[in-house]
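Have a look at work.txt below; it lists compact mmCIF, N, CA and C atoms.
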```txt
# COMPACT_ATOMS: atom_id res chain seq x y z
N MET A 17 84.66 85.43 55.48
CA MET A 17 84.27 86.31 56.57
C MET A 17 84.47 87.76 56.14
N LYS A 18 83.46 88.58 56.37
CA LYS A 18 83.50 89.98 55.97
C LYS A 18 84.45 90.76 56.88
N HIS A 19 85.12 91.72 56.29
CA HIS A 19 85.96 92.63 57.06
C HIS A 19 85.25 93.98 57.12
N PHE A 20 85.12 94.52 58.33
CA PHE A 20 84.48 95.82 58.53
C PHE A 20 85.53 96.84 58.89
N SER A 21 85.44 98.02 58.30
CA SER A 21 86.32 99.11 58.71
C SER A 21 85.83 99.65 60.05
N LEU A 22 86.70 100.38 60.72
CA LEU A 22 86.34 100.98 62.00
C LEU A 22 85.13 101.90 61.85
N ILE A 23 85.10 102.67 60.78
CA ILE A 23 84.00 103.61 60.58
C ILE A 23 82.69 102.86 60.31
N GLU A 24 82.74 101.74 59.58
CA GLU A 24 81.54 100.93 59.36
C GLU A 24 80.99 100.40 60.69
N LYS A 25 81.89 99.92 61.54
CA LYS A 25 81.47 99.42 62.85
C LYS A 25 80.87 100.55 63.68
N ALA A 26 81.51 101.71 63.67
CA ALA A 26 81.02 102.84 64.46
C ALA A 26 79.64 103.28 64.00
N PHE A 27 79.42 103.35 62.69
CA PHE A 27 78.10 103.75 62.19
C PHE A 27 77.05 102.70 62.52
N PHE A 28 77.42 101.44 62.53
CA PHE A 28 76.48 100.41 62.94
C PHE A 28 76.13 100.57 64.43
N LEU A 29 77.15 100.79 65.27
CA LEU A 29 76.91 100.96 66.71
C LEU A 29 75.96 102.12 66.99
N LYS A 30 76.02 103.15 66.16
CA LYS A 30 75.15 104.32 66.33
C LYS A 30 73.67 103.92 66.27
N LYS A 31 73.37 102.79 65.61
CA LYS A 31 71.99 102.30 65.48
C LYS A 31 71.56 101.41 66.65
N VAL A 32 72.51 101.06 67.53
CA VAL A 32 72.22 100.18 68.66
C VAL A 32 71.82 101.03 69.85
N LYS A 33 70.70 100.66 70.47
CA LYS A 33 70.10 101.48 71.52
C LYS A 33 71.08 101.95 72.60
N ILE A 34 71.91 101.07 73.12
CA ILE A 34 72.77 101.48 74.24
C ILE A 34 73.93 102.37 73.80
N PHE A 35 74.19 102.45 72.50
CA PHE A 35 75.30 103.25 72.02
C PHE A 35 74.86 104.47 71.20
N ASN A 36 73.57 104.62 70.89
CA ASN A 36 73.17 105.62 69.91
C ASN A 36 73.33 107.07 70.36
N ASP A 37 73.52 107.32 71.63
CA ASP A 37 73.72 108.70 72.09
C ASP A 37 75.19 109.10 72.17
N LEU A 38 76.08 108.17 71.84
CA LEU A 38 77.51 108.44 71.97
C LEU A 38 78.04 109.19 70.75
N ASP A 39 79.09 109.99 70.98
CA ASP A 39 79.68 110.71 69.86
C ASP A 39 80.61 109.77 69.07
N LEU A 40 80.97 110.22 67.89
CA LEU A 40 81.73 109.38 66.96
C LEU A 40 83.07 108.94 67.52
N ASP A 41 83.75 109.81 68.26
CA ASP A 41 85.06 109.43 68.82
C ASP A 41 84.94 108.23 69.75
N LEU A 42 83.92 108.23 70.61
CA LEU A 42 83.73 107.11 71.52
C LEU A 42 83.26 105.87 70.77
N LEU A 43 82.40 106.05 69.78
CA LEU A 43 81.96 104.91 68.96
C LEU A 43 83.13 104.26 68.25
N LEU A 44 84.05 105.06 67.78
CA LEU A 44 85.25 104.51 67.13
C LEU A 44 86.11 103.73 68.13
N ALA A 45 86.21 104.23 69.35
CA ALA A 45 86.97 103.53 70.39
C ALA A 45 86.33 102.18 70.71
N ILE A 46 85.00 102.15 70.78
CA ILE A 46 84.29 100.90 71.03
C ILE A 46 84.44 99.97 69.83
N ALA A 47 84.27 100.51 68.65
CA ALA A 47 84.37 99.71 67.42
C ALA A 47 85.71 99.01 67.32
N GLU A 48 86.74 99.66 67.80
CA GLU A 48 88.07 99.08 67.76
C GLU A 48 88.18 97.82 68.62
N LYS A 49 87.31 97.73 69.64
CA LYS A 49 87.35 96.61 70.57
C LYS A 49 86.46 95.45 70.15
N LEU A 50 85.61 95.67 69.15
CA LEU A 50 84.66 94.64 68.74
C LEU A 50 85.33 93.50 67.99
N LEU A 51 84.90 92.29 68.32
CA LEU A 51 85.26 91.12 67.53
C LEU A 51 84.08 90.82 66.61
N TYR A 52 84.30 89.98 65.63
CA TYR A 52 83.25 89.66 64.67
C TYR A 52 83.22 88.15 64.48
N ASP A 53 82.02 87.60 64.35
CA ASP A 53 81.90 86.17 64.08
C ASP A 53 80.64 85.91 63.29
N GLU A 54 80.64 84.80 62.59
CA GLU A 54 79.49 84.37 61.80
C GLU A 54 79.02 83.01 62.30
N TYR A 55 77.71 82.83 62.31
CA TYR A 55 77.10 81.58 62.75
C TYR A 55 76.12 81.13 61.69
N ASP A 56 75.99 79.83 61.54
CA ASP A 56 75.02 79.26 60.61
C ASP A 56 73.69 79.06 61.31
N GLN A 57 72.64 78.95 60.50
CA GLN A 57 71.32 78.66 61.04
C GLN A 57 71.40 77.42 61.94
N LYS A 58 70.73 77.48 63.06
CA LYS A 58 70.65 76.44 64.09
C LYS A 58 71.90 76.31 64.97
N ASP A 59 72.95 77.11 64.69
CA ASP A 59 74.12 77.11 65.58
C ASP A 59 73.72 77.70 66.93
N GLN A 60 74.39 77.25 67.96
CA GLN A 60 74.17 77.76 69.30
C GLN A 60 75.24 78.82 69.58
N VAL A 61 74.81 80.03 69.91
CA VAL A 61 75.77 81.08 70.27
C VAL A 61 76.30 80.77 71.67
N PHE A 62 75.38 80.46 72.58
CA PHE A 62 75.77 79.96 73.89
C PHE A 62 74.61 79.17 74.47
N SER A 63 74.92 78.40 75.52
CA SER A 63 73.92 77.53 76.13
C SER A 63 73.71 77.87 77.59
N LEU A 64 72.66 77.32 78.12
CA LEU A 64 72.33 77.46 79.53
C LEU A 64 73.51 77.03 80.40
N HIS A 65 73.82 77.80 81.41
CA HIS A 65 74.88 77.53 82.39
C HIS A 65 76.30 77.73 81.85
N GLN A 66 76.45 78.16 80.63
CA GLN A 66 77.78 78.43 80.08
C GLN A 66 78.37 79.66 80.77
N ALA A 67 79.67 79.66 80.97
CA ALA A 67 80.34 80.83 81.55
C ALA A 67 80.11 82.04 80.66
N ALA A 68 79.91 83.18 81.29
CA ALA A 68 79.60 84.40 80.55
C ALA A 68 80.78 85.36 80.57
N ASN A 69 81.31 85.65 79.41
CA ASN A 69 82.39 86.63 79.34
C ASN A 69 82.29 87.53 78.11
N ARG A 70 81.13 87.50 77.44
CA ARG A 70 80.93 88.32 76.24
C ARG A 70 79.48 88.74 76.11
N MET A 71 79.29 89.87 75.47
CA MET A 71 77.96 90.27 75.01
C MET A 71 77.98 90.28 73.50
N TYR A 72 76.81 90.15 72.90
CA TYR A 72 76.69 90.00 71.46
C TYR A 72 75.75 91.06 70.90
N ILE A 73 76.12 91.61 69.74
CA ILE A 73 75.30 92.60 69.05
C ILE A 73 75.06 92.04 67.66
N ILE A 74 73.80 91.91 67.29
CA ILE A 74 73.46 91.29 66.00
C ILE A 74 73.64 92.30 64.88
N TYR A 75 74.54 91.98 63.94
CA TYR A 75 74.71 92.80 62.74
C TYR A 75 73.59 92.48 61.75
N ASP A 76 73.40 91.20 61.47
CA ASP A 76 72.24 90.77 60.70
C ASP A 76 71.91 89.33 61.01
N GLY A 77 70.67 88.97 60.72
CA GLY A 77 70.17 87.64 61.03
C GLY A 77 69.24 87.69 62.22
N THR A 78 68.79 86.52 62.63
CA THR A 78 67.84 86.40 63.74
C THR A 78 68.34 85.38 64.74
N VAL A 79 68.38 85.78 66.01
CA VAL A 79 68.76 84.89 67.11
C VAL A 79 67.52 84.67 67.97
N GLN A 80 67.28 83.41 68.30
CA GLN A 80 66.15 83.07 69.15
C GLN A 80 66.66 82.84 70.57
N ILE A 81 65.98 83.43 71.54
CA ILE A 81 66.30 83.25 72.95
C ILE A 81 65.34 82.20 73.50
N LEU A 82 65.91 81.16 74.12
CA LEU A 82 65.13 80.05 74.66
C LEU A 82 65.38 79.93 76.15
N ASP A 83 64.33 79.61 76.90
CA ASP A 83 64.48 79.43 78.34
C ASP A 83 65.09 78.07 78.67
N GLU A 84 65.17 77.76 79.95
CA GLU A 84 65.82 76.52 80.39
C GLU A 84 65.10 75.26 79.90
N ARG A 85 63.84 75.40 79.51
CA ARG A 85 63.09 74.25 78.97
C ARG A 85 63.08 74.23 77.44
N MET A 86 63.93 75.09 76.86
CA MET A 86 64.04 75.22 75.40
C MET A 86 62.77 75.78 74.76
N ARG A 87 62.03 76.59 75.51
CA ARG A 87 60.86 77.27 74.97
C ARG A 87 61.29 78.65 74.50
N ALA A 88 60.78 79.06 73.34
CA ALA A 88 61.12 80.37 72.78
C ALA A 88 60.60 81.49 73.67
N VAL A 89 61.48 82.41 73.99
CA VAL A 89 61.12 83.59 74.76
C VAL A 89 60.92 84.77 73.82
N CYS A 90 61.86 84.94 72.89
CA CYS A 90 61.75 86.02 71.91
C CYS A 90 62.76 85.80 70.79
N GLU A 91 62.63 86.63 69.78
CA GLU A 91 63.58 86.64 68.67
C GLU A 91 64.20 88.02 68.58
N LEU A 92 65.50 88.05 68.30
CA LEU A 92 66.23 89.30 68.21
C LEU A 92 66.81 89.44 66.81
N ASN A 93 66.88 90.68 66.34
CA ASN A 93 67.35 90.95 64.98
C ASN A 93 68.43 92.02 64.97
N SER A 94 68.77 92.49 63.79
CA SER A 94 69.83 93.48 63.61
C SER A 94 69.68 94.65 64.58
N GLY A 95 70.77 94.97 65.27
CA GLY A 95 70.78 96.08 66.22
C GLY A 95 70.42 95.67 67.63
N ASP A 96 69.87 94.46 67.80
CA ASP A 96 69.55 93.96 69.14
C ASP A 96 70.83 93.40 69.76
N PHE A 97 70.86 93.36 71.08
CA PHE A 97 72.02 92.81 71.79
C PHE A 97 71.53 91.83 72.85
N PHE A 98 72.42 90.94 73.23
CA PHE A 98 72.07 89.94 74.25
C PHE A 98 73.35 89.42 74.89
N GLY A 99 73.18 88.74 76.02
CA GLY A 99 74.31 88.15 76.72
C GLY A 99 75.01 89.08 77.68
N ASP A 100 74.55 90.31 77.78
CA ASP A 100 75.22 91.31 78.60
C ASP A 100 74.94 91.17 80.09
N GLU A 101 73.76 90.67 80.45
CA GLU A 101 73.36 90.64 81.85
C GLU A 101 74.28 89.78 82.72
N SER A 102 74.77 88.71 82.18
CA SER A 102 75.65 87.82 82.96
C SER A 102 77.04 88.40 83.16
N LEU A 103 77.38 89.39 82.38
CA LEU A 103 78.72 89.98 82.51
C LEU A 103 78.90 90.73 83.81
N PHE A 104 77.80 91.22 84.37
CA PHE A 104 77.90 92.03 85.57
C PHE A 104 77.76 91.23 86.85
N ASN A 105 76.98 90.15 86.81
CA ASN A 105 76.81 89.38 88.03
C ASN A 105 77.71 88.15 88.06
N GLU A 106 78.47 87.95 87.02
CA GLU A 106 79.42 86.85 86.90
C GLU A 106 78.77 85.49 87.13
N GLN A 107 77.50 85.41 86.79
CA GLN A 107 76.76 84.15 86.86
C GLN A 107 76.78 83.48 85.48
N PRO A 108 76.61 82.18 85.44
CA PRO A 108 76.53 81.51 84.14
C PRO A 108 75.27 81.94 83.38
N ARG A 109 75.25 81.66 82.11
CA ARG A 109 74.10 82.03 81.27
C ARG A 109 72.82 81.40 81.81
N SER A 110 71.74 82.15 81.74
CA SER A 110 70.46 81.67 82.26
C SER A 110 69.48 81.32 81.14
N TYR A 111 69.97 81.31 79.91
CA TYR A 111 69.13 80.96 78.76
C TYR A 111 70.03 80.51 77.61
N PHE A 112 69.38 79.99 76.58
CA PHE A 112 70.07 79.58 75.35
C PHE A 112 69.92 80.68 74.31
N ALA A 113 70.91 80.84 73.45
CA ALA A 113 70.82 81.73 72.29
C ALA A 113 71.15 80.88 71.06
N ILE A 114 70.15 80.70 70.19
CA ILE A 114 70.25 79.83 69.03
C ILE A 114 69.99 80.67 67.77
N CYS A 115 70.75 80.43 66.72
CA CYS A 115 70.57 81.16 65.47
C CYS A 115 69.38 80.61 64.70
N LYS A 116 68.40 81.44 64.47
CA LYS A 116 67.23 81.03 63.69
C LYS A 116 67.55 81.11 62.20
N THR A 117 68.46 82.01 61.83
CA THR A 117 68.94 82.16 60.46
C THR A 117 70.47 82.21 60.52
N ASP A 118 71.12 82.32 59.39
CA ASP A 118 72.54 82.64 59.41
C ASP A 118 72.67 84.00 60.09
N VAL A 119 73.68 84.15 60.93
CA VAL A 119 73.80 85.37 61.75
C VAL A 119 75.24 85.88 61.72
N ARG A 120 75.36 87.20 61.66
CA ARG A 120 76.66 87.85 61.82
C ARG A 120 76.57 88.71 63.07
N LEU A 121 77.55 88.52 63.96
CA LEU A 121 77.54 89.17 65.26
C LEU A 121 78.82 89.96 65.51
N PHE A 122 78.67 91.06 66.23
CA PHE A 122 79.80 91.73 66.83
C PHE A 122 79.83 91.29 68.28
N ILE A 123 81.00 91.12 68.82
CA ILE A 123 81.17 90.58 70.17
C ILE A 123 82.02 91.56 70.97
N LEU A 124 81.57 91.85 72.18
CA LEU A 124 82.30 92.73 73.08
C LEU A 124 82.58 91.94 74.35
N SER A 125 83.84 91.76 74.67
CA SER A 125 84.21 90.98 75.85
C SER A 125 83.89 91.77 77.12
N ARG A 126 83.85 91.05 78.23
CA ARG A 126 83.58 91.67 79.53
C ARG A 126 84.59 92.78 79.83
N SER A 127 85.87 92.49 79.63
CA SER A 127 86.89 93.50 79.95
C SER A 127 86.74 94.73 79.05
N HIS A 128 86.41 94.53 77.78
CA HIS A 128 86.22 95.66 76.88
C HIS A 128 84.96 96.45 77.23
N LEU A 129 83.88 95.73 77.60
CA LEU A 129 82.66 96.42 77.99
C LEU A 129 82.89 97.26 79.24
N LEU A 130 83.59 96.72 80.21
CA LEU A 130 83.89 97.49 81.43
C LEU A 130 84.77 98.69 81.12
N SER A 131 85.67 98.54 80.18
CA SER A 131 86.50 99.65 79.74
C SER A 131 85.64 100.74 79.10
N VAL A 132 84.68 100.32 78.25
CA VAL A 132 83.77 101.27 77.61
C VAL A 132 82.97 102.02 78.67
N ILE A 133 82.46 101.29 79.66
CA ILE A 133 81.65 101.91 80.72
C ILE A 133 82.49 102.89 81.53
N SER A 134 83.75 102.55 81.79
CA SER A 134 84.59 103.49 82.55
C SER A 134 84.85 104.76 81.75
N GLU A 135 84.92 104.64 80.42
CA GLU A 135 85.13 105.82 79.56
C GLU A 135 83.85 106.61 79.37
N CYS A 136 82.71 105.91 79.42
CA CYS A 136 81.44 106.58 79.17
C CYS A 136 80.35 105.96 80.05
N PRO A 137 80.15 106.50 81.24
CA PRO A 137 79.14 105.95 82.16
C PRO A 137 77.72 105.92 81.58
N SER A 138 77.44 106.74 80.55
CA SER A 138 76.09 106.73 79.98
C SER A 138 75.76 105.37 79.35
N VAL A 139 76.76 104.60 78.96
CA VAL A 139 76.52 103.26 78.45
C VAL A 139 75.96 102.39 79.58
N ALA A 140 76.52 102.53 80.78
CA ALA A 140 76.02 101.78 81.93
C ALA A 140 74.58 102.17 82.24
N VAL A 141 74.28 103.45 82.15
CA VAL A 141 72.92 103.92 82.40
C VAL A 141 71.97 103.31 81.37
N ALA A 142 72.38 103.27 80.10
CA ALA A 142 71.53 102.68 79.06
C ALA A 142 71.30 101.20 79.32
N LEU A 143 72.33 100.50 79.77
CA LEU A 143 72.16 99.08 80.10
C LEU A 143 71.20 98.92 81.27
N LEU A 144 71.33 99.75 82.30
CA LEU A 144 70.43 99.68 83.45
C LEU A 144 68.99 99.95 83.02
N GLN A 145 68.80 100.90 82.13
CA GLN A 145 67.45 101.20 81.65
C GLN A 145 66.87 100.00 80.91
N SER A 146 67.73 99.28 80.18
CA SER A 146 67.23 98.11 79.44
C SER A 146 66.78 97.02 80.40
N TYR A 147 67.30 96.99 81.62
CA TYR A 147 66.92 95.98 82.61
C TYR A 147 65.60 96.32 83.29
N ALA A 148 65.06 97.49 83.03
CA ALA A 148 63.77 97.85 83.62
C ALA A 148 62.66 96.95 83.06
N ASN A 149 62.90 96.37 81.89
CA ASN A 149 61.95 95.44 81.28
C ASN A 149 62.39 94.02 81.61
N PRO A 150 61.44 93.08 81.69
CA PRO A 150 61.83 91.70 81.98
C PRO A 150 62.67 91.11 80.85
N LEU A 151 63.43 90.06 81.15
CA LEU A 151 64.28 89.43 80.15
C LEU A 151 63.51 89.01 78.92
N SER A 152 62.23 88.71 79.05
CA SER A 152 61.47 88.32 77.88
C SER A 152 61.43 89.49 76.91
N CYS A 153 62.56 89.75 76.36
CA CYS A 153 62.81 90.75 75.33
C CYS A 153 63.02 92.14 75.85
N ARG A 154 63.60 92.25 77.02
CA ARG A 154 64.11 93.54 77.45
C ARG A 154 65.33 93.84 76.62
N LEU A 155 65.86 92.80 75.98
CA LEU A 155 67.07 92.89 75.18
C LEU A 155 66.88 93.92 74.07
N ASN A 156 67.40 95.10 74.31
CA ASN A 156 67.35 96.21 73.36
C ASN A 156 65.93 96.61 73.00
N GLY A 157 64.97 96.29 73.86
CA GLY A 157 63.59 96.69 73.59
C GLY A 157 62.97 95.95 72.43
N ALA A 158 63.48 94.80 72.07
CA ALA A 158 62.94 94.05 70.95
C ALA A 158 61.50 93.67 71.23
N ALA A 159 60.69 93.74 70.22
CA ALA A 159 59.29 93.33 70.38
C ALA A 159 59.24 91.84 70.65
N GLN A 160 58.29 91.44 71.43
CA GLN A 160 58.16 90.01 71.73
C GLN A 160 57.62 89.33 70.49
N ARG A 161 58.48 88.53 69.85
CA ARG A 161 58.14 87.91 68.59
C ARG A 161 58.33 86.41 68.65
N ALA A 162 58.11 85.83 69.78
CA ALA A 162 58.29 84.38 69.90
C ALA A 162 57.25 83.68 69.04
N PRO A 163 57.67 82.60 68.38
CA PRO A 163 56.72 81.89 67.50
C PRO A 163 55.62 81.21 68.29
```

Turn the structure described in the file into structure tokens.
Amino acid sequence: MKHFSLIEKAFFLKKVKIFNDLDLDLLLAIAEKLLYDEYDQKDQVFSLHQAANRMYIIYDGTVQILDERMRAVCELNSGDFFGDESLFNEQPRSYFAICKTDVRLFILSRSHLLSVISECPSVAVALLQSYANPLSCRLNGAAQRAP
């Protein structure tokens, strides 16, 4: 498992849509809260109806989002994020997230995300703006690339 320095995490976050307007000090504070995990191709990050307590940011690899019938909705890549919508409404997951390739993810827990939002409300505004698009790839503005 790769180890990332705080500065590496912060510079990566700068490339993520909801964090790219933040200054380095705040990015470092967020980076400190990030967890890291690796998944193999075809691993399930989470499933339909699973309890939601984390959001995921793709460092590299491709994650496929599938609806309740296991139909592909879209594919997400490096810099895209997913799983955040359930953190606010405390509802279970409404879709599946499956690794199309080997994937490395940064993970931000609900409590850490709320802490980030309290420190920087502009993150909440960026998340709200991302919800202006339907779930079919509103996730970080990813292009609809379903197979």

Based on the backbone DSSP call, show me all residues of chain A assigned strand (DSSP E or B), as a ChimeraX atom specification. /A:51-55,60-62,70-76,79-82,88-92,97-98,112-115,119-125

Could the residues in this selection be written to a file with N, CA and C atoms, as a CSV table (one decimal), in the coordinates of the input?
```
chain,number,residue,atom,x,y,z
A,51,LEU,N,84.9,92.3,68.3
A,51,LEU,CA,85.3,91.1,67.5
A,51,LEU,C,84.1,90.8,66.6
A,52,TYR,N,84.3,90.0,65.6
A,52,TYR,CA,83.2,89.7,64.7
A,52,TYR,C,83.2,88.2,64.5
A,53,ASP,N,82.0,87.6,64.4
A,53,ASP,CA,81.9,86.2,64.1
A,53,ASP,C,80.6,85.9,63.3
A,54,GLU,N,80.6,84.8,62.6
A,54,GLU,CA,79.5,84.4,61.8
A,54,GLU,C,79.0,83.0,62.3
A,55,TYR,N,77.7,82.8,62.3
A,55,TYR,CA,77.1,81.6,62.8
A,55,TYR,C,76.1,81.1,61.7
A,60,GLN,N,74.4,77.2,68.0
A,60,GLN,CA,74.2,77.8,69.3
A,60,GLN,C,75.2,78.8,69.6
A,61,VAL,N,74.8,80.0,69.9
A,61,VAL,CA,75.8,81.1,70.3
A,61,VAL,C,76.3,80.8,71.7
A,62,PHE,N,75.4,80.5,72.6
A,62,PHE,CA,75.8,80.0,73.9
A,62,PHE,C,74.6,79.2,74.5
A,70,ARG,N,81.1,87.5,77.4
A,70,ARG,CA,80.9,88.3,76.2
A,70,ARG,C,79.5,88.7,76.1
A,71,MET,N,79.3,89.9,75.5
A,71,MET,CA,78.0,90.3,75.0
A,71,MET,C,78.0,90.3,73.5
A,72,TYR,N,76.8,90.2,72.9
A,72,TYR,CA,76.7,90.0,71.5
A,72,TYR,C,75.8,91.1,70.9
A,73,ILE,N,76.1,91.6,69.7
A,73,ILE,CA,75.3,92.6,69.0
A,73,ILE,C,75.1,92.0,67.7
A,74,ILE,N,73.8,91.9,67.3
A,74,ILE,CA,73.5,91.3,66.0
A,74,ILE,C,73.6,92.3,64.9
A,75,TYR,N,74.5,92.0,63.9
A,75,TYR,CA,74.7,92.8,62.7
A,75,TYR,C,73.6,92.5,61.8
A,76,ASP,N,73.4,91.2,61.5
A,76,ASP,CA,72.2,90.8,60.7
A,76,ASP,C,71.9,89.3,61.0
A,79,VAL,N,68.4,85.8,66.0
A,79,VAL,CA,68.8,84.9,67.1
A,79,VAL,C,67.5,84.7,68.0
A,80,GLN,N,67.3,83.4,68.3
A,80,GLN,CA,66.2,83.1,69.2
A,80,GLN,C,66.7,82.8,70.6
A,81,ILE,N,66.0,83.4,71.5
A,81,ILE,CA,66.3,83.2,73.0
A,81,ILE,C,65.3,82.2,73.5
A,82,LEU,N,65.9,81.2,74.1
A,82,LEU,CA,65.1,80.0,74.7
A,82,LEU,C,65.4,79.9,76.2
A,88,ALA,N,60.8,79.1,73.3
A,88,ALA,CA,61.1,80.4,72.8
A,88,ALA,C,60.6,81.5,73.7
A,89,VAL,N,61.5,82.4,74.0
A,89,VAL,CA,61.1,83.6,74.8
A,89,VAL,C,60.9,84.8,73.8
A,90,CYS,N,61.9,84.9,72.9
A,90,CYS,CA,61.8,86.0,71.9
A,90,CYS,C,62.8,85.8,70.8
A,91,GLU,N,62.6,86.6,69.8
A,91,GLU,CA,63.6,86.6,68.7
A,91,GLU,C,64.2,88.0,68.6
A,92,LEU,N,65.5,88.0,68.3
A,92,LEU,CA,66.2,89.3,68.2
A,92,LEU,C,66.8,89.4,66.8
A,97,PHE,N,70.9,93.4,71.1
A,97,PHE,CA,72.0,92.8,71.8
A,97,PHE,C,71.5,91.8,72.8
A,98,PHE,N,72.4,90.9,73.2
A,98,PHE,CA,72.1,89.9,74.2
A,98,PHE,C,73.4,89.4,74.9
A,112,PHE,N,69.4,80.0,76.6
A,112,PHE,CA,70.1,79.6,75.4
A,112,PHE,C,69.9,80.7,74.3
A,113,ALA,N,70.9,80.8,73.4
A,113,ALA,CA,70.8,81.7,72.3
A,113,ALA,C,71.2,80.9,71.1
A,114,ILE,N,70.2,80.7,70.2
A,114,ILE,CA,70.2,79.8,69.0
A,114,ILE,C,70.0,80.7,67.8
A,115,CYS,N,70.8,80.4,66.7
A,115,CYS,CA,70.6,81.2,65.5
A,115,CYS,C,69.4,80.6,64.7
A,119,VAL,N,73.7,84.2,60.9
A,119,VAL,CA,73.8,85.4,61.8
A,119,VAL,C,75.2,85.9,61.7
A,120,ARG,N,75.4,87.2,61.7
A,120,ARG,CA,76.7,87.8,61.8
A,120,ARG,C,76.6,88.7,63.1
A,121,LEU,N,77.6,88.5,64.0
A,121,LEU,CA,77.5,89.2,65.3
A,121,LEU,C,78.8,90.0,65.5
A,122,PHE,N,78.7,91.1,66.2
A,122,PHE,CA,79.8,91.7,66.8
A,122,PHE,C,79.8,91.3,68.3
A,123,ILE,N,81.0,91.1,68.8
A,123,ILE,CA,81.2,90.6,70.2
A,123,ILE,C,82.0,91.6,71.0
A,124,LEU,N,81.6,91.8,72.2
A,124,LEU,CA,82.3,92.7,73.1
A,124,LEU,C,82.6,91.9,74.4
A,125,SER,N,83.8,91.8,74.7
A,125,SER,CA,84.2,91.0,75.8
A,125,SER,C,83.9,91.8,77.1
```

Run DSSP on the backbone and give me the residues of chain A it puts in helix (DSSP H, G or I), as a PyMOL selection string.
chain A and resi 22-29+40-49+101-105+126-135+137-146+151-157

In Å and to one decimal, atom CA of A:Leu130 is distant from atom CA of A:Phe112 by 23.4 Å

- Just give me the gap between atom C of A:Cys115 and atom N of A:Gln66 in Å, one decimal is fine.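 Separating atom C of A:Cys115 from atom N of A:Gln66 is a distance of 17.6 Å.
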
Quote the spacing between atom CA of A:Arg70 and atom CA of A:Ser21 in Å to one decimal place.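 Here the two named atoms are 21.3 Å from each other.
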
Please provide as a PDB file with N, CA and C atoms, keeping the file's coordinate frame all residues within 9 Å of A:Glu84, with the sequence filter that same-chain residues fewer than 4 positions apart are discarded (counting only C-alpha atoms).
```pdb
ATOM      1  N   LEU A  64      72.660  77.320  78.120  1.00  0.00           N
ATOM      2  CA  LEU A  64      72.330  77.460  79.530  1.00  0.00           C
ATOM      3  C   LEU A  64      73.510  77.030  80.400  1.00  0.00           C
ATOM      4  N   SER A 110      71.740  82.150  81.740  1.00  0.00           N
ATOM      5  CA  SER A 110      70.460  81.670  82.260  1.00  0.00           C
ATOM      6  C   SER A 110      69.480  81.320  81.140  1.00  0.00           C
ATOM      7  N   TYR A 111      69.970  81.310  79.910  1.00  0.00           N
ATOM      8  CA  TYR A 111      69.130  80.960  78.760  1.00  0.00           C
ATOM      9  C   TYR A 111      70.030  80.510  77.610  1.00  0.00           C
ATOM     10  N   PHE A 112      69.380  79.990  76.580  1.00  0.00           N
ATOM     11  CA  PHE A 112      70.070  79.580  75.350  1.00  0.00           C
ATOM     12  C   PHE A 112      69.920  80.680  74.310  1.00  0.00           C
TER      13      PHE A 112
END
```

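Restricting the calculation to only C-alpha atoms, the smallest distance between A:Cys90 and any of A:Leu129, A:Glu54, A:Ser102, A:Lys116 is found for A:Lys116.
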
Please list as a compact mmCIF listing (two decimals) with N, CA and C atoms, in the coordinates of the input every residue within 6 Å of stretch 118-126 of chain A, counting only C-alpha atoms and excluding residues in the same chain fewer than 2 positions away.
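The resulting file, result-v9.txt, is reproduced below:
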```txt
# COMPACT_ATOMS: atom_id res chain seq x y z
N LEU A 50 85.61 95.67 69.15
CA LEU A 50 84.66 94.64 68.74
C LEU A 50 85.33 93.50 67.99
N LEU A 51 84.90 92.29 68.32
CA LEU A 51 85.26 91.12 67.53
C LEU A 51 84.08 90.82 66.61
N TYR A 52 84.30 89.98 65.63
CA TYR A 52 83.25 89.66 64.67
C TYR A 52 83.22 88.15 64.48
N ASP A 53 82.02 87.60 64.35
CA ASP A 53 81.90 86.17 64.08
C ASP A 53 80.64 85.91 63.29
N GLU A 54 80.64 84.80 62.59
CA GLU A 54 79.49 84.37 61.80
C GLU A 54 79.02 83.01 62.30
N TYR A 55 77.71 82.83 62.31
CA TYR A 55 77.10 81.58 62.75
C TYR A 55 76.12 81.13 61.69
N ASP A 56 75.99 79.83 61.54
CA ASP A 56 75.02 79.26 60.61
C ASP A 56 73.69 79.06 61.31
N GLN A 57 72.64 78.95 60.50
CA GLN A 57 71.32 78.66 61.04
C GLN A 57 71.40 77.42 61.94
N ASN A 69 81.31 85.65 79.41
CA ASN A 69 82.39 86.63 79.34
C ASN A 69 82.29 87.53 78.11
N ARG A 70 81.13 87.50 77.44
CA ARG A 70 80.93 88.32 76.24
C ARG A 70 79.48 88.74 76.11
N MET A 71 79.29 89.87 75.47
CA MET A 71 77.96 90.27 75.01
C MET A 71 77.98 90.28 73.50
N TYR A 72 76.81 90.15 72.90
CA TYR A 72 76.69 90.00 71.46
C TYR A 72 75.75 91.06 70.90
N ILE A 73 76.12 91.61 69.74
CA ILE A 73 75.30 92.60 69.05
C ILE A 73 75.06 92.04 67.66
N ILE A 74 73.80 91.91 67.29
CA ILE A 74 73.46 91.29 66.00
C ILE A 74 73.64 92.30 64.88
N TYR A 75 74.54 91.98 63.94
CA TYR A 75 74.71 92.80 62.74
C TYR A 75 73.59 92.48 61.75
N ASP A 76 73.40 91.20 61.47
CA ASP A 76 72.24 90.77 60.70
C ASP A 76 71.91 89.33 61.01
N GLY A 77 70.67 88.97 60.72
CA GLY A 77 70.17 87.64 61.03
C GLY A 77 69.24 87.69 62.22
N LEU A 103 77.38 89.39 82.38
CA LEU A 103 78.72 89.98 82.51
C LEU A 103 78.90 90.73 83.81
N HIS A 128 86.41 94.53 77.78
CA HIS A 128 86.22 95.66 76.88
C HIS A 128 84.96 96.45 77.23
N LEU A 129 83.88 95.73 77.60
CA LEU A 129 82.66 96.42 77.99
C LEU A 129 82.89 97.26 79.24
```

I'd like the neighbourhood of stretch 26-43 of chain A as a PyMOL selection string, where a residue qualifies if any of its atoms comes within 7 Å (using only N, CA and C atoms), though same-chain residues fewer than 3 positions away should be ignored. chain A and resi 21-23+46-48+95-96+138-139+142-143+156

Is it possible to get the residues within 8 Å of (78.8, 76.6, 82.6) (coordinates as in the file, counting all atoms listed in the file) written as JSON, numbers by chain?
{"A": [63, 64, 65, 66, 67, 68, 107, 108, 109]}
